[in-house]
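Read the structure below first, then the notes.
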Amino acid sequence: MNWLPSPTDFRENLRSALAVADPQQRLDKLACLAQFRLNFLETIQLDGALAKTAAAVDSGFSRIRLAVLATATVDHLLPAIRVAGLRRRLLIEVYKGAFQQHRQELLNPTSPLRDFAPQIVLLSLTPREAIAGVPLDSTADEAERAISRAVAELRELWRSARESFTATVVQQSFLDFSQPLFGSYDRLVPGTPTRLIARLNDQVADAAAQDGVLLLDVARASARDGIDAWFDVARWLQGKIEIAPQSASRYGELVARLIAAQRGQSRKCLVFDLDNTLWGGVIGDDGMEGIVLGEGSAQGEAHSSLQRYAKQLKDRGVILAVCSKNDLATAEMVFRDHPEMVLRRTDIAAFVANWNDKPENLIAIAEQLNIGLDSLVFVDDNPAERARVRENLPMVAVPELPTDAAHFVRCIADAGYFEATSFTADDRQRAGQYAANVEREALRGASQSMDEFLRSLEMSVVFGPIVPVDLARVTQLVNKTNQFNTTTRRYSAAELSRLAAAPENVTLQFRLVDRFGDNGIVSVMILCPVRDEPSVLEIDSWVMSCRVFGRQLEVEAMNIAVEAAQSRSIRALHADYIPTKRNGVISELYESLGFARLHPPVGENGASRWILNVTEHVARPTHCVRRAQ
Amino acid sequence: MTDQEILLAFTRILRDLLADDSIVLTMDSTRADVPDWDSFKYVNFIVAVEMELGIRFGVADVESFKTVGDIVAETRSLLG
């Protein structure tokens, strides 16, 4: 947890937070305390304070129901899970399954788990059961079959969790705390515990990928931290504790990270300071020849490896930006001309170098990229700058970088800011799409009018119902989009697949292609019939990526939705707009598309309800040409 | 650390753990004397003491502790 800053006087801060009378303000204070590196006892204390506060609050935090079904004691992990949730403004309500009763909990139709209705089911199992009956002298085939049987049984449980609760299933990987029997030769004997557990983890990962189950990889974490940090035999003997209390905060963090990622709340953009962060030394003082970077110096290679890691993150879809106190020309020159630079100017989507205050510049970067401040991670070697950003922009993540540049990469990696639960074609292309957006902006500047600009883009829309092959991207879009999102309803892949399969619903996904390339699937609309009014469809959710704002796609999408409605003899479309802090950009959306406001307006959350008469609707012309999927 | 200092540290840890500032421990206190100090919270207490003071109790010792004084004595001997 080294990326989190140490707390100063935790007990006093907790006391003063608890003294705050207003529960909302109290919870905000507790969420601030959760941003620090807390020990075992402090985590339990903060969790206790949270329990007294959370029930009364419902604004600015999301609630999620998590069931933990385990074959070992997990009580000591629950405070850490809830505190790690609080760190992300998630209020995680945890149901702890009865000890070693995970099968009964899932399969018994009258188990109390039914009443809890979990949104996420976490299976935390020790490897003992899966490997217990496998003899040491098993052949490779026998061992493989035994593991396959264990995995087949797990898949049945996954299926049951999905079908009974429409829950997202999380399977914990298996910790190998076995002792060697032969020594290094263990790995070559199919029936040794270490070999069996390795195969079990391999097979579980393959099955999870096939079944859309998420993996909580504690095995990887224990390889990182050492098995002694994760498994403490004294605790096992004292209370059947598998995950050592010492690693409870790490465990909670891994769980909350996964839940947040699944809800589209991972960070999106890595913002770097330059001097002494991306390279050693100060470019303004030391000049191109003086800065330390690349081969020939350990420190220079440390900075190079940070750049290489950033480039790898960019290739998986993380946006890179620069925020530095420097002259712009001087800073850009390094990216263009320094032979040891791994990152090039084109890798950086937003490049801000000036002498302004950093919080101010970070706000500018978020605006330029059209993403929220809570999507940013700010990496700076200077403790004073870090403190200033944390103070002014608490929603920006600021890792507590170690002083030695050799450990920068590990610090950023450990923090897990960019945890993902899918890797889609869109992710692979994101960097290119941002570059293309820059070109589009240049074209817009050169065009005489908006109309001419849109025509010159040569846009085409590819659309159709939500199909399984695109489910990962659709899920990502529905859960990640905050700005163009009419109702901000979040759905898991399982729920979306169910919505798409219901014949009474209309689901639409839209891909936008233009002369600069394929933007990928950028919009999703879900329409469901209104209860007792089968001739009316309600737009349950409509999301659109901010990358394609102002391209008339919303108009063409509505034309397409209306035609789909007409073909089903639908009379009218209903739509709710539920305002949030982030979706103000579409407050006029339905009005601009010809909807009338329904009276009286729905009061809840300031939501407004809109109606469009489908029978009279005339399609509005756009510059988007339609193409079949 | 003197026995008295160890006892004070234990009191503070148990107060934090149980969120109860009225707890007063003596050498003769047992778990039954402290409301809400169940077996799960006893393990948590042992864990917190070990982490805070940088010591490890043997599993046999943890099983044999009857009073807080027993834990204090073992702590003193581990701290050397």
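Chain labels follow the order of the structure tokens: the first chain is A, the next B, and so on; residue numbering restarts at 1 in every chain, and ligands are counted from 1 in their shown order.
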(message) Please find the residues of chain B near chain A - the criterion being any atom within 12 Å, counting only C-alpha atoms - and write them as a PyMOL selection string.
(response) chain B and resi 12-21+39-52+56-63
Serialized selection, C-alpha atoms, as a short mmCIF file (atom, residue, chain, number, x, y, z; two decimals), in the first residue's frame:
```cif
data_model
loop_
_atom_site.label_atom_id
_atom_site.label_comp_id
_atom_site.auth_asym_id
_atom_site.auth_seq_id
_atom_site.Cartn_x
_atom_site.Cartn_y
_atom_site.Cartn_z
CA ARG B 12 -5.18 1.58 24.06
CA ILE B 13 -5.19 -1.18 21.42
CA LEU B 14 -8.28 -2.83 22.88
CA ARG B 15 -10.08 0.52 23.16
CA ASP B 16 -9.34 1.22 19.49
CA LEU B 17 -10.35 -2.29 18.47
CA LEU B 18 -13.66 -2.30 20.30
CA ALA B 19 -14.30 1.45 19.86
CA ASP B 20 -14.87 1.75 23.59
CA ASP B 21 -12.83 4.32 25.55
CA SER B 39 -12.95 -14.98 20.29
CA PHE B 40 -12.74 -13.33 16.85
CA LYS B 41 -11.82 -10.01 18.43
CA TYR B 42 -9.34 -11.83 20.64
CA VAL B 43 -7.46 -12.99 17.53
CA ASN B 44 -7.66 -9.43 16.18
CA PHE B 45 -6.23 -8.16 19.48
CA ILE B 46 -3.33 -10.61 19.33
CA VAL B 47 -2.67 -9.63 15.70
CA ALA B 48 -2.76 -5.91 16.53
CA VAL B 49 -0.43 -6.35 19.52
CA GLU B 50 2.02 -8.37 17.45
CA MET B 51 2.02 -5.81 14.62
CA GLU B 52 2.30 -2.83 16.91
CA ARG B 56 5.19 -13.00 17.55
CA PHE B 57 3.59 -15.15 20.22
CA GLY B 58 3.89 -18.92 19.93
CA VAL B 59 0.62 -20.73 19.16
CA ALA B 60 0.92 -22.68 22.42
CA ASP B 61 1.33 -19.46 24.39
CA VAL B 62 -1.71 -17.84 22.81
CA GLU B 63 -3.73 -20.91 23.82
#
```
(request) Identify, with DSSP run on backbone atoms, the residues in stretch 136-372 of chain A assigned to strand (DSSP E or B), and express the list as a ChimeraX atom specification. (result) /A:168-172,214-216,241,269-272,275,279-280,292,319-325,350-354
(request) Considering only C-alpha atoms, return as a count of residues only whatever protein or nucleic-acid residues lie within 8 Å of A:Ser148, sequence-local ones (same chain, fewer than 4 positions apart) excluded. (result) 3
(message) Applying 9 Å and only C-alpha atoms, which residues near stretch 365-367 of chain A remain after dropping the ones on its own chain fewer than 3 positions away? List them as an MDAnalysis selection string.
(response) chainID A and resid 269 271 321:323 350:352 360:362 370:373 375:376
Selection above as a file: N, CA and C atoms, as a PDB file, in the first residue's frame:
```pdb
ATOM      1  N   CYS A 269      -6.340   8.217 -17.274  1.00  0.00           N
ATOM      2  CA  CYS A 269      -5.266   9.042 -17.835  1.00  0.00           C
ATOM      3  C   CYS A 269      -4.129   9.186 -16.837  1.00  0.00           C
ATOM      4  N   VAL A 271      -0.918  11.323 -15.914  1.00  0.00           N
ATOM      5  CA  VAL A 271      -0.339  12.648 -16.158  1.00  0.00           C
ATOM      6  C   VAL A 271       1.035  12.717 -15.494  1.00  0.00           C
ATOM      7  N   ALA A 321      -0.590  12.092 -20.517  1.00  0.00           N
ATOM      8  CA  ALA A 321      -0.564  13.553 -20.566  1.00  0.00           C
ATOM      9  C   ALA A 321       0.659  14.051 -19.805  1.00  0.00           C
ATOM     10  N   VAL A 322       1.005  15.308 -20.046  1.00  0.00           N
ATOM     11  CA  VAL A 322       2.144  15.935 -19.373  1.00  0.00           C
ATOM     12  C   VAL A 322       1.675  17.205 -18.686  1.00  0.00           C
ATOM     13  N   CYS A 323       2.106  17.396 -17.446  1.00  0.00           N
ATOM     14  CA  CYS A 323       1.804  18.621 -16.709  1.00  0.00           C
ATOM     15  C   CYS A 323       3.088  19.043 -16.009  1.00  0.00           C
ATOM     16  N   ALA A 350      -2.379  15.150 -24.172  1.00  0.00           N
ATOM     17  CA  ALA A 350      -2.508  16.540 -23.716  1.00  0.00           C
ATOM     18  C   ALA A 350      -1.169  16.946 -23.108  1.00  0.00           C
ATOM     19  N   PHE A 351      -0.600  18.010 -23.617  1.00  0.00           N
ATOM     20  CA  PHE A 351       0.751  18.419 -23.217  1.00  0.00           C
ATOM     21  C   PHE A 351       0.685  19.845 -22.680  1.00  0.00           C
ATOM     22  N   VAL A 352       0.807  19.974 -21.370  1.00  0.00           N
ATOM     23  CA  VAL A 352       0.737  21.304 -20.766  1.00  0.00           C
ATOM     24  C   VAL A 352       2.052  21.587 -20.049  1.00  0.00           C
ATOM     25  N   GLU A 360      -4.497  23.926 -11.452  1.00  0.00           N
ATOM     26  CA  GLU A 360      -5.139  24.643 -12.558  1.00  0.00           C
ATOM     27  C   GLU A 360      -4.875  23.918 -13.882  1.00  0.00           C
ATOM     28  N   ASN A 361      -3.628  23.512 -14.068  1.00  0.00           N
ATOM     29  CA  ASN A 361      -3.269  22.827 -15.309  1.00  0.00           C
ATOM     30  C   ASN A 361      -3.927  21.456 -15.434  1.00  0.00           C
ATOM     31  N   LEU A 362      -4.101  20.782 -14.313  1.00  0.00           N
ATOM     32  CA  LEU A 362      -4.757  19.471 -14.362  1.00  0.00           C
ATOM     33  C   LEU A 362      -6.222  19.632 -14.769  1.00  0.00           C
ATOM     34  N   ASN A 370     -11.676  15.959 -22.337  1.00  0.00           N
ATOM     35  CA  ASN A 370     -13.094  15.688 -22.139  1.00  0.00           C
ATOM     36  C   ASN A 370     -13.305  14.475 -21.217  1.00  0.00           C
ATOM     37  N   ILE A 371     -12.519  14.419 -20.143  1.00  0.00           N
ATOM     38  CA  ILE A 371     -12.708  13.360 -19.137  1.00  0.00           C
ATOM     39  C   ILE A 371     -12.780  14.021 -17.761  1.00  0.00           C
ATOM     40  N   GLY A 372     -13.252  13.288 -16.770  1.00  0.00           N
ATOM     41  CA  GLY A 372     -13.399  13.850 -15.427  1.00  0.00           C
ATOM     42  C   GLY A 372     -12.068  13.918 -14.693  1.00  0.00           C
ATOM     43  N   LEU A 373     -11.980  14.812 -13.711  1.00  0.00           N
ATOM     44  CA  LEU A 373     -10.763  14.890 -12.900  1.00  0.00           C
ATOM     45  C   LEU A 373     -10.533  13.588 -12.136  1.00  0.00           C
ATOM     46  N   SER A 375     -10.667  10.822 -13.297  1.00  0.00           N
ATOM     47  CA  SER A 375     -10.041   9.849 -14.189  1.00  0.00           C
ATOM     48  C   SER A 375      -8.525  10.017 -14.229  1.00  0.00           C
ATOM     49  N   LEU A 376      -8.006  11.057 -13.540  1.00  0.00           N
ATOM     50  CA  LEU A 376      -6.582  11.388 -13.663  1.00  0.00           C
ATOM     51  C   LEU A 376      -5.735  10.749 -12.550  1.00  0.00           C
TER      52      LEU A 376
END
```
(message) Could you go through stretch 210-372 of chain A and tell me which residues DSSP, when run on the backbone, assigns to helix (DSSP H, G or I), listing them as a VMD selection string?
(response) chain A and resid 210 to 211 218 to 225 227 to 230 233 to 239 245 to 262 283 to 290 298 to 315 328 to 337 345 to 347 358 to 369
(request) Tell me, in Å to one decimal, how far atom CA of A:Ala161 is from atom CA of A:Pro465. (result) 26.2 Å
(request) Using only C-alpha atoms, determine which residues lie at most 7 Å from stretch 186-193 of chain A, disregarding the query and same-chain residues fewer than 6 positions distant; provide the list as a ChimeraX atom specification. (result) /A:134-140,143,178,180
(request) Find, counting only C-alpha atoms, the residue in B:Met1, B:Asp28, B:Ile55, B:Leu8 that gets nearest to B:Leu78. (result)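 Using only C-alpha atoms, B:Leu78 sits closest to B:Ile55.
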(message) Taking 5 positions as the minimum chain separation for residues in the same chain, which residues sit within 6 Å of A:Leu527 when counting only C-alpha atoms? Answer as a PyMOL selection string.
(response) chain A and resi 505-506+537-540
Selection export as an mmCIF file, in the first residue's frame, atoms kept: C-alpha atoms:
```cif
data_model
loop_
_atom_site.group_PDB
_atom_site.id
_atom_site.type_symbol
_atom_site.label_atom_id
_atom_site.label_comp_id
_atom_site.auth_asym_id
_atom_site.auth_seq_id
_atom_site.Cartn_x
_atom_site.Cartn_y
_atom_site.Cartn_z
ATOM 1 C CA ASN A 505 -36.797 -4.862 -25.688
ATOM 2 C CA VAL A 506 -34.992 -2.974 -28.424
ATOM 3 C CA LEU A 537 -41.103 2.172 -25.386
ATOM 4 C CA GLU A 538 -38.956 3.813 -22.736
ATOM 5 C CA ILE A 539 -35.324 4.726 -23.315
ATOM 6 C CA ASP A 540 -33.955 3.019 -20.235
#
```
